[in-house]
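Trainee: Pasting in a structure now, in structure tokens, and then I'll have a few things to ask.
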Amino acid sequence: GEQGEPWLLKQHGDVLVQRLKVVKAAWIAAGGSSVQQDWFNQGGSKEQLLARLRKGLGQFQEHAVPCPAGLQEAVLVEDFCFDACMSHFGLDWEKSKAARIRAGYAALCDIATRSEPQSMQVSEAKASPAETPRQRLVSGDSSGTSGEQGE
């Protein structure tokens with residue numbers, strides 16, 4: 001069942017964290033939301049880390065996020081190397097972290113303004129046709145008055 005790779009639990013916790021980081025980076029790179037993902041947590045016991053690693057891998061399919069071919073095998077392989085694995089999939093941990101931070105802020109802003117963009121677009125569309133002739137009149141008036149003053 002669940003314990004397909006018993007040697008994973010014999011590894012150092014840091015290695016499990018690195019495996020999890022690869023999955024997180026792939027998830028972010030593929031456009032998966034990094035907001036409120038409980039499996040992103042890198043703390044806890046090896047059992048918890050392994051459970052999160054498996055959950056993370058499962059999230060791709062569950063949320064229809066494109067998973068890089070061979071990702072699951074690569075992060076569960078016994079002879080795992082973080083840097084080699086990241087470069088194999090063209091991933092960058094620092095970029096992923098930065099993207100996650102930006103996404104966190106964006107999500108906070110998004111929640112605050114979720115209903116606004118549509119109403120703003122409507123009001124802009126109504127306002128702009130009325131504004132254009134008025135702007136023309138203003139520019140026409142100013143040139144007319146400055147011309148008269150010059151004469």
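Residue numbers start at 1 in each chain; chains themselves are named A, B, ... in the order of the structure tokens; ligands are numbered from 1 in the order shown.
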Residues at most 8 Å from Trp27 of chain A, counting only C-alpha atoms, excluding those fewer than 6 positions away in the same chain, as a PyMOL selection string?

Mentor: chain A and resi 33+60+65+67

Trainee: Using only C-alpha atoms, which of the listed residues (A:Leu50, A:Leu91, A:Met86, A:Leu71) sits closest to Leu9 of chain A?

Mentor: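 Nearest candidate to Leu9 of chain A out of A:Leu50, A:Leu91, A:Met86, A:Leu71: A:Leu50.
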
Trainee: Which is closest to Gly31 of chain A among A:Glu94, A:Cys85, A:Pro68, A:Arg52, if we use only C-alpha atoms?

Mentor: A:Pro68

Trainee: Would you compute the distance between atom CA of Gly70 of chain A and atom CA of Val35 of chain A? Give it in Å to one decimal.

Mentor: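 Those two atoms sit 24.9 Å apart.
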
Trainee: Which of these residues is nearest to Gln59 of chain A, using only C-alpha atoms: A:Phe80, A:Lys24, A:Asp92, A:Ser45?

Mentor: A:Lys24

Trainee: Applying 12 Å and only C-alpha atoms, which residues near Gln11 of chain A remain after dropping the ones on its own chain fewer than 3 positions away? List them as a compact mmCIF listing (two decimals) with N, CA and C atoms, in the first residue's frame.

Mentor:
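Contents of the output file part-v3.txt:
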```
# COMPACT_ATOMS: atom_id res chain seq x y z
N GLU A 5 8.09 2.81 -0.73
CA GLU A 5 9.53 3.08 -0.66
C GLU A 5 9.96 3.14 0.81
N PRO A 6 10.13 1.98 1.47
CA PRO A 6 10.43 1.99 2.91
C PRO A 6 11.75 2.70 3.22
N TRP A 7 12.70 2.69 2.27
CA TRP A 7 13.99 3.34 2.49
C TRP A 7 13.88 4.86 2.60
N LEU A 8 12.76 5.43 2.12
CA LEU A 8 12.57 6.88 2.22
C LEU A 8 12.61 7.33 3.68
N ASP A 14 16.26 16.10 6.04
CA ASP A 14 16.60 17.17 5.10
C ASP A 14 16.41 16.72 3.65
N VAL A 15 16.71 15.45 3.39
CA VAL A 15 16.58 14.91 2.03
C VAL A 15 15.10 14.85 1.66
N LEU A 16 14.26 14.50 2.62
CA LEU A 16 12.82 14.47 2.36
C LEU A 16 12.31 15.88 2.09
N VAL A 17 12.86 16.86 2.80
CA VAL A 17 12.48 18.26 2.58
C VAL A 17 12.88 18.67 1.16
N GLN A 18 14.08 18.26 0.74
CA GLN A 18 14.54 18.59 -0.61
C GLN A 18 13.64 17.96 -1.67
N ARG A 19 13.23 16.73 -1.43
CA ARG A 19 12.32 16.05 -2.36
C ARG A 19 11.01 16.85 -2.46
N SER A 45 7.76 15.46 11.32
CA SER A 45 8.49 14.19 11.29
C SER A 45 8.70 13.72 9.87
N LYS A 46 9.55 12.69 9.71
CA LYS A 46 9.79 12.11 8.39
C LYS A 46 8.49 11.54 7.82
N GLU A 47 7.69 10.94 8.69
CA GLU A 47 6.41 10.35 8.24
C GLU A 47 5.51 11.45 7.69
N LEU A 49 6.50 14.40 6.50
CA LEU A 49 7.11 14.90 5.27
C LEU A 49 6.79 13.98 4.10
N LEU A 50 6.90 12.69 4.33
CA LEU A 50 6.64 11.71 3.28
C LEU A 50 5.16 11.76 2.86
N LEU A 76 11.07 10.27 -5.94
CA LEU A 76 10.97 9.08 -5.07
C LEU A 76 12.13 8.11 -5.29
N VAL A 77 13.06 8.46 -6.20
CA VAL A 77 14.18 7.57 -6.48
C VAL A 77 15.10 7.52 -5.26
N GLU A 78 15.70 6.37 -5.01
CA GLU A 78 16.53 6.21 -3.82
C GLU A 78 17.77 7.11 -3.90
N ASP A 79 18.38 7.15 -5.07
CA ASP A 79 19.61 7.93 -5.25
C ASP A 79 19.23 9.34 -5.72
N PHE A 80 18.72 10.15 -4.78
CA PHE A 80 18.16 11.46 -5.11
C PHE A 80 19.20 12.57 -4.90
```

Trainee: Hey, can you check how far atom CA of Gly32 of chain A sits from atom CA of Val75 of chain A?

Mentor: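 So the two atoms, atom CA of Gly32 of chain A and atom CA of Val75 of chain A, lie 17.9 Å apart.
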
Trainee: Would you pick out the contacts of Ile28 of chain A at 9 Å or less, using only C-alpha atoms, so that residues sharing its chain but fewer than 5 positions from it are not included, and give the list as a compact mmCIF listing (two decimals) with N, CA, C and O atoms, in the first residue's frame?

Mentor:
```txt
# COMPACT_ATOMS: atom_id res chain seq x y z
N VAL A 23 8.95 19.04 -5.68
CA VAL A 23 7.53 18.93 -6.02
C VAL A 23 6.87 20.31 -5.95
O VAL A 23 6.10 20.70 -6.83
N SER A 33 -1.65 26.78 -7.70
CA SER A 33 -1.77 27.82 -6.67
C SER A 33 -0.91 27.46 -5.48
O SER A 33 -0.88 26.32 -5.03
N SER A 34 -0.18 28.46 -4.96
CA SER A 34 0.66 28.19 -3.79
C SER A 34 -0.02 28.70 -2.53
O SER A 34 0.56 28.72 -1.45
N SER A 96 10.97 29.92 -7.40
CA SER A 96 9.72 29.34 -6.90
C SER A 96 9.31 30.02 -5.60
O SER A 96 8.14 30.32 -5.39
N LYS A 97 10.31 30.25 -4.73
CA LYS A 97 10.02 30.92 -3.46
C LYS A 97 9.49 32.33 -3.71
O LYS A 97 8.52 32.75 -3.11
N ALA A 99 8.07 33.46 -6.41
CA ALA A 99 6.75 33.37 -7.04
C ALA A 99 5.69 33.07 -5.99
O ALA A 99 4.59 33.60 -6.03
N ARG A 100 6.06 32.24 -5.03
CA ARG A 100 5.11 31.88 -3.99
C ARG A 100 4.79 33.09 -3.12
O ARG A 100 3.65 33.32 -2.75
```
